[in-house]
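Novice: Got a structure here, written out as structure tokens. Questions coming.
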Amino acid sequence: MAKGTLAVPLLPISTGTNNVFPQMIEASIAGLAAGLIATGRVPSGEGTYRSSCLEVLSGDTLKDMALVDVAVSRDTFVASRAIWDLSTITQVFLTRCRPDSIGLSAIGGQLRIIRPWSRTGLHLVLGSGDRRVTAAIGPGLFQSVAVKSAVLMNAGESIAVDAGACVLALDGEREVDVAAGEPIAIRLCADGPRVVDVARTMESAQVRGLFVETI
């Protein structure tokens with residue numbers, strides 16, 4: 001849906017897939033927050049935030065986008081599956097980093113904390129360096145990986161992917177094949193999907209007294 005429109009706020013709910021974009025929230029409260037935003041009883045500006053995203057560019061052409069991470073893999077075939085073997089990964093681009101997350105963003109989360117609305121991202125180059133990071137990259141799966149560099153990305157900034165023929169894994173679910181010599185870059189975009197913040201929405205409802213009546 002995020003690729004189809006940025007006008008409709010999203011309320012992603014985790015259903016056990018262990019990914020990072022959804023929120024762990026009780027469904028009844030999530031539905032209540034969604035209704036408050038949809039009906040305008042809580043203004044969108046109070047109860048939502050604009051999430052960053054990553055744009056995959058081939059020259060000036062937008063090829064695809066990712067909400068959480070883009071991983072550059074030397075494997076020629078990744079398919080629609082998460083990447084468990086970090087030895088094949090050379091670079092990772094992240095829109096968010098938290099030490100309590102799971103997946104590739106957990107690697108960045110051990111180095112710094114980046115919120116999805118902060119208008120910054122993180123570019124990791126994996127390989128021989130002066131740091132090793134241990135993170136939960138899957139359910140019950142911890143791996144240690146050498147990090148050569150970790151550089152902040154600002155909104156609108158593009159970083160070229162100079163990896164020859166490779167595969168870009170997007171959010172662990174989709175892939176983009178890159179031919180040798182193709183001019184690929186990853187750009188951090190601050191104008192990604194608008195996301196309902198359940199806690200902020202319910203706090204706004206409480207301040208407005210929406211569920212309290214005088215008797």
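Each chain of the structure tokens is named A, B, ... in the order shown, its residues numbered from 1; ligands are numbered from 1 in display order.
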Given only C-alpha atoms, how would the per-residue table for range 133-169 of chain A near range 96-119 of chain A read, listing every residue at most 9 Å away with its closest atom pair and distance in Å to one decimal, sorted by chain and number, as JSON lines?
Specialist:
```
{"residue": "A:Val133", "atom": "CA", "partner": "A:Ile107", "partner_atom": "CA", "distance": 6.4}
{"residue": "A:Thr134", "atom": "CA", "partner": "A:Ile107", "partner_atom": "CA", "distance": 7.1}
{"residue": "A:Ala135", "atom": "CA", "partner": "A:Ile107", "partner_atom": "CA", "distance": 5.5}
{"residue": "A:Ala136", "atom": "CA", "partner": "A:Ile102", "partner_atom": "CA", "distance": 5.4}
{"residue": "A:Ile137", "atom": "CA", "partner": "A:Gly103", "partner_atom": "CA", "distance": 3.8}
{"residue": "A:Gly138", "atom": "CA", "partner": "A:Gly103", "partner_atom": "CA", "distance": 5.6}
{"residue": "A:Pro139", "atom": "CA", "partner": "A:Ile102", "partner_atom": "CA", "distance": 7.6}
{"residue": "A:Ser144", "atom": "CA", "partner": "A:Ile107", "partner_atom": "CA", "distance": 9.0}
{"residue": "A:Val145", "atom": "CA", "partner": "A:Ile107", "partner_atom": "CA", "distance": 8.3}
{"residue": "A:Ala150", "atom": "CA", "partner": "A:Gly108", "partner_atom": "CA", "distance": 8.0}
{"residue": "A:Met153", "atom": "CA", "partner": "A:Arg119", "partner_atom": "CA", "distance": 8.6}
{"residue": "A:Asn154", "atom": "CA", "partner": "A:Arg119", "partner_atom": "CA", "distance": 6.4}
{"residue": "A:Ala155", "atom": "CA", "partner": "A:Arg119", "partner_atom": "CA", "distance": 5.4}
```
Novice: Once you have the residues from the selection above, write them out as an mmCIF file, in the first residue's frame, restricted to N, CA and C atoms.
Specialist:
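Writing done, so here's selection02.cif:
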```
data_model
loop_
_atom_site.group_PDB
_atom_site.id
_atom_site.type_symbol
_atom_site.label_atom_id
_atom_site.label_comp_id
_atom_site.auth_asym_id
_atom_site.auth_seq_id
_atom_site.Cartn_x
_atom_site.Cartn_y
_atom_site.Cartn_z
ATOM 1 N N VAL A 133 29.624 -6.493 15.654
ATOM 2 C CA VAL A 133 28.323 -6.276 16.258
ATOM 3 C C VAL A 133 27.576 -7.602 16.315
ATOM 4 N N THR A 134 27.021 -7.916 17.471
ATOM 5 C CA THR A 134 26.180 -9.089 17.635
ATOM 6 C C THR A 134 24.735 -8.624 17.761
ATOM 7 N N ALA A 135 23.864 -9.190 16.946
ATOM 8 C CA ALA A 135 22.471 -8.748 16.926
ATOM 9 C C ALA A 135 21.557 -9.916 16.600
ATOM 10 N N ALA A 136 20.283 -9.775 16.986
ATOM 11 C CA ALA A 136 19.264 -10.776 16.661
ATOM 12 C C ALA A 136 18.738 -10.478 15.266
ATOM 13 N N ILE A 137 19.154 -11.258 14.292
ATOM 14 C CA ILE A 137 18.721 -11.006 12.916
ATOM 15 C C ILE A 137 17.526 -11.864 12.527
ATOM 16 N N GLY A 138 17.105 -12.741 13.415
ATOM 17 C CA GLY A 138 15.931 -13.573 13.188
ATOM 18 C C GLY A 138 15.469 -14.138 14.511
ATOM 19 N N PRO A 139 14.296 -14.742 14.563
ATOM 20 C CA PRO A 139 13.793 -15.333 15.799
ATOM 21 C C PRO A 139 14.741 -16.387 16.344
ATOM 22 N N SER A 144 27.122 -12.486 14.660
ATOM 23 C CA SER A 144 28.129 -11.457 14.848
ATOM 24 C C SER A 144 28.681 -11.069 13.486
ATOM 25 N N VAL A 145 28.798 -9.779 13.236
ATOM 26 C CA VAL A 145 29.228 -9.306 11.932
ATOM 27 C C VAL A 145 30.213 -8.157 12.111
ATOM 28 N N ALA A 150 29.977 3.016 9.567
ATOM 29 C CA ALA A 150 28.569 3.323 9.828
ATOM 30 C C ALA A 150 28.418 4.827 9.697
ATOM 31 N N MET A 153 22.912 9.070 7.091
ATOM 32 C CA MET A 153 22.370 9.625 5.855
ATOM 33 C C MET A 153 21.339 10.684 6.209
ATOM 34 N N ASN A 154 21.355 11.788 5.492
ATOM 35 C CA ASN A 154 20.364 12.831 5.676
ATOM 36 C C ASN A 154 19.283 12.725 4.616
ATOM 37 N N ALA A 155 18.122 13.293 4.899
ATOM 38 C CA ALA A 155 17.015 13.258 3.951
ATOM 39 C C ALA A 155 17.445 13.863 2.617
#
```
Novice: Which polymer residues have any atom within 6 Å of an atom of range 187-200 of chain A, counting only C-alpha atoms, with same-chain residues fewer than 2 positions away left out, as a PyMOL selection string?
Specialist: chain A and resi 2+6+9-11+33+47-55+119+155-158+202-203
Novice: Kindly save the residues from that selection, with C-alpha atoms included, as a compact mmCIF listing (two decimals), in the first residue's frame.
Specialist:
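Saved file again-v4.txt follows:
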```txt
# COMPACT_ATOMS: atom_id res chain seq x y z
CA ALA A 2 2.88 2.39 0.75
CA LEU A 6 1.18 8.23 0.60
CA PRO A 9 -2.27 6.89 7.00
CA LEU A 10 -1.13 3.35 7.75
CA LEU A 11 -1.57 1.47 10.98
CA ALA A 33 -6.86 4.76 17.22
CA GLY A 47 -1.68 11.29 15.90
CA THR A 48 0.54 10.34 12.97
CA TYR A 49 4.08 10.83 11.78
CA ARG A 50 5.74 10.79 8.38
CA SER A 51 8.05 7.78 8.13
CA SER A 52 11.26 7.81 6.15
CA CYS A 53 11.78 5.33 3.32
CA LEU A 54 14.59 4.23 1.00
CA GLU A 55 14.34 4.76 -2.75
CA ARG A 119 14.74 12.39 8.75
CA ALA A 155 17.01 13.26 3.95
CA GLY A 156 17.50 13.58 0.20
CA GLU A 157 21.02 12.11 0.27
CA SER A 158 21.93 9.37 -2.22
CA MET A 202 -4.84 7.91 22.43
CA GLU A 203 -3.04 10.60 24.45
```
Novice: Could you pull out the alpha helix (DSSP H) residues of range 74-163 of chain A, going by DSSP on the backbone, and write them as a ChimeraX atom specification?
Specialist: /A:105-109
Novice: Let me make sure I understand: among A:Leu94, A:Pro12, A:Val125, A:Leu168, which one has the smallest atom-to-atom distance to Ala71 in chain A if we use only C-alpha atoms?
Specialist: A:Leu168
Novice: Could you give me, as an MDAnalysis selection string, the residues within 7 Å of Thr88 in chain A, counting only C-alpha atoms and dropping anything in the same chain fewer than 3 positions from it?
Specialist: chainID A and resid 73:75 85
Novice: Write the selection just made, keeping C-alpha atoms, as a PDB file, in the first residue's frame?
Specialist:
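out-v7.pdb, freshly written:
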```pdb
ATOM      1  CA  SER A  73      23.945  -9.122  -1.440  1.00  0.00           C
ATOM      2  CA  ARG A  74      26.571 -10.850  -3.526  1.00  0.00           C
ATOM      3  CA  ASP A  75      24.128 -13.734  -3.972  1.00  0.00           C
ATOM      4  CA  ASP A  85      23.803 -15.508   5.952  1.00  0.00           C
TER       5      ASP A  85
END
```
Novice: From the list A:Leu67, A:Ala30, A:Ala7, A:Ala185, which residue is nearest Ala160 in chain A when using only C-alpha atoms?
Specialist: A:Ala185
Novice: Excluding Ala146 in chain A and any residue of its chain fewer than 3 positions from it, enumerate the residues within 6 Å of it, using only C-alpha atoms, and give them as a PDB file with N, CA and C atoms, in the first residue's frame.
Specialist:
```
ATOM      1  N   LEU A 126      29.726  -3.530   5.616  1.00  0.00           N
ATOM      2  CA  LEU A 126      30.159  -4.689   6.395  1.00  0.00           C
ATOM      3  C   LEU A 126      31.485  -5.198   5.854  1.00  0.00           C
ATOM      4  N   GLY A 127      32.285  -5.738   6.751  1.00  0.00           N
ATOM      5  CA  GLY A 127      33.585  -6.262   6.341  1.00  0.00           C
ATOM      6  C   GLY A 127      34.629  -5.917   7.376  1.00  0.00           C
ATOM      7  N   SER A 128      35.858  -6.198   7.056  1.00  0.00           N
ATOM      8  CA  SER A 128      36.970  -6.013   7.981  1.00  0.00           C
ATOM      9  C   SER A 128      37.005  -4.589   8.516  1.00  0.00           C
ATOM     10  N   ARG A 131      35.208  -2.980  14.490  1.00  0.00           N
ATOM     11  CA  ARG A 131      34.063  -3.296  15.344  1.00  0.00           C
ATOM     12  C   ARG A 131      33.392  -4.569  14.871  1.00  0.00           C
ATOM     13  N   ARG A 132      32.902  -5.340  15.827  1.00  0.00           N
ATOM     14  CA  ARG A 132      32.025  -6.465  15.541  1.00  0.00           C
ATOM     15  C   ARG A 132      30.738  -6.255  16.318  1.00  0.00           C
TER      16      ARG A 132
END
```
Novice: Out of range 133-177 of chain A, which residues get strand (DSSP E) from DSSP, as a PyMOL selection string?
Specialist: chain A and resi 133-138+141-154+158-160+166-170+174-177
Novice: Any chance you could export the current selection's N, CA and C atoms as a short mmCIF file (atom, residue, chain, number, x, y, z; two decimals), in the first residue's frame?
Specialist:
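And here's result_17.cif as it stands now:
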```
data_model
loop_
_atom_site.label_atom_id
_atom_site.label_comp_id
_atom_site.auth_asym_id
_atom_site.auth_seq_id
_atom_site.Cartn_x
_atom_site.Cartn_y
_atom_site.Cartn_z
N VAL A 133 29.62 -6.49 15.65
CA VAL A 133 28.32 -6.28 16.26
C VAL A 133 27.58 -7.60 16.32
N THR A 134 27.02 -7.92 17.47
CA THR A 134 26.18 -9.09 17.64
C THR A 134 24.74 -8.62 17.76
N ALA A 135 23.86 -9.19 16.95
CA ALA A 135 22.47 -8.75 16.93
C ALA A 135 21.56 -9.92 16.60
N ALA A 136 20.28 -9.77 16.99
CA ALA A 136 19.26 -10.78 16.66
C ALA A 136 18.74 -10.48 15.27
N ILE A 137 19.15 -11.26 14.29
CA ILE A 137 18.72 -11.01 12.92
C ILE A 137 17.53 -11.86 12.53
N GLY A 138 17.10 -12.74 13.41
CA GLY A 138 15.93 -13.57 13.19
C GLY A 138 15.47 -14.14 14.51
N LEU A 141 17.86 -16.26 16.47
CA LEU A 141 19.08 -16.34 15.67
C LEU A 141 19.93 -15.09 15.90
N PHE A 142 21.08 -15.29 16.56
CA PHE A 142 22.01 -14.20 16.81
C PHE A 142 23.25 -14.41 15.96
N GLN A 143 23.72 -13.34 15.33
CA GLN A 143 24.93 -13.42 14.53
C GLN A 143 25.84 -12.25 14.84
N SER A 144 27.12 -12.49 14.66
CA SER A 144 28.13 -11.46 14.85
C SER A 144 28.68 -11.07 13.49
N VAL A 145 28.80 -9.78 13.24
CA VAL A 145 29.23 -9.31 11.93
C VAL A 145 30.21 -8.16 12.11
N ALA A 146 31.25 -8.14 11.27
CA ALA A 146 32.22 -7.05 11.29
C ALA A 146 31.65 -5.85 10.55
N VAL A 147 31.81 -4.68 11.14
CA VAL A 147 31.31 -3.44 10.54
C VAL A 147 32.50 -2.54 10.21
N LYS A 148 32.65 -2.26 8.92
CA LYS A 148 33.77 -1.42 8.47
C LYS A 148 33.47 0.05 8.69
N SER A 149 32.23 0.47 8.40
CA SER A 149 31.87 1.87 8.62
C SER A 149 30.37 1.98 8.85
N ALA A 150 29.98 3.02 9.57
CA ALA A 150 28.57 3.32 9.83
C ALA A 150 28.42 4.83 9.70
N VAL A 151 27.71 5.26 8.65
CA VAL A 151 27.63 6.69 8.32
C VAL A 151 26.17 7.12 8.28
N LEU A 152 25.86 8.24 8.92
CA LEU A 152 24.52 8.78 8.88
C LEU A 152 24.17 9.28 7.48
N MET A 153 22.91 9.07 7.09
CA MET A 153 22.37 9.63 5.85
C MET A 153 21.34 10.68 6.21
N ASN A 154 21.36 11.79 5.49
CA ASN A 154 20.36 12.83 5.68
C ASN A 154 19.28 12.73 4.62
N SER A 158 21.81 10.63 -1.47
CA SER A 158 21.93 9.37 -2.22
C SER A 158 23.34 8.82 -2.06
N ILE A 159 23.43 7.50 -1.95
CA ILE A 159 24.74 6.83 -1.88
C ILE A 159 24.77 5.77 -2.98
N ALA A 160 25.79 5.83 -3.80
CA ALA A 160 25.93 4.89 -4.91
C ALA A 160 26.25 3.49 -4.40
N CYS A 166 24.74 -7.68 -8.54
CA CYS A 166 24.35 -8.04 -7.18
C CYS A 166 22.83 -8.07 -7.10
N VAL A 167 22.35 -8.36 -5.91
CA VAL A 167 20.91 -8.34 -5.64
C VAL A 167 20.67 -7.42 -4.45
N LEU A 168 19.65 -6.57 -4.57
CA LEU A 168 19.22 -5.74 -3.46
C LEU A 168 18.01 -6.39 -2.81
N ALA A 169 18.12 -6.70 -1.53
CA ALA A 169 17.01 -7.28 -0.78
C ALA A 169 16.30 -6.16 -0.05
N LEU A 170 15.00 -6.00 -0.32
CA LEU A 170 14.22 -4.89 0.23
C LEU A 170 13.29 -5.39 1.33
N ARG A 174 11.38 -8.50 -0.89
CA ARG A 174 11.45 -8.34 -2.34
C ARG A 174 12.90 -8.20 -2.74
N GLU A 175 13.16 -8.39 -4.02
CA GLU A 175 14.53 -8.25 -4.49
C GLU A 175 14.57 -7.46 -5.79
N VAL A 176 15.68 -6.79 -5.99
CA VAL A 176 15.96 -6.06 -7.22
C VAL A 176 17.29 -6.56 -7.76
N ASP A 177 17.27 -7.09 -8.97
CA ASP A 177 18.51 -7.55 -9.61
C ASP A 177 19.25 -6.37 -10.19
#
```
Novice: Would you pick out the contacts of Val42 in chain A at 7 Å or less, using only C-alpha atoms, so that residues sharing its chain but fewer than 6 positions from it are not included, and give the list as a list of chain:residue names?
Specialist: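 Selected residues are A:Leu36, A:Thr201, A:Ser204, A:Ala205.
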Novice: Can I get the selection written as an mmCIF file, in the first residue's frame, with N, CA and C atoms?
Specialist:
```cif
data_model
loop_
_atom_site.group_PDB
_atom_site.id
_atom_site.type_symbol
_atom_site.label_atom_id
_atom_site.label_comp_id
_atom_site.auth_asym_id
_atom_site.auth_seq_id
_atom_site.Cartn_x
_atom_site.Cartn_y
_atom_site.Cartn_z
ATOM 1 N N LEU A 36 -10.257 7.008 15.313
ATOM 2 C CA LEU A 36 -10.100 8.407 15.706
ATOM 3 C C LEU A 36 -9.427 9.227 14.607
ATOM 4 N N THR A 201 -1.996 9.081 19.512
ATOM 5 C CA THR A 201 -3.405 9.265 19.182
ATOM 6 C C THR A 201 -4.279 9.137 20.421
ATOM 7 N N SER A 204 -3.832 12.103 22.716
ATOM 8 C CA SER A 204 -4.562 13.266 22.210
ATOM 9 C C SER A 204 -6.054 13.139 22.519
ATOM 10 N N ALA A 205 -6.577 11.919 22.380
ATOM 11 C CA ALA A 205 -7.986 11.692 22.700
ATOM 12 C C ALA A 205 -8.255 11.945 24.175
#
```
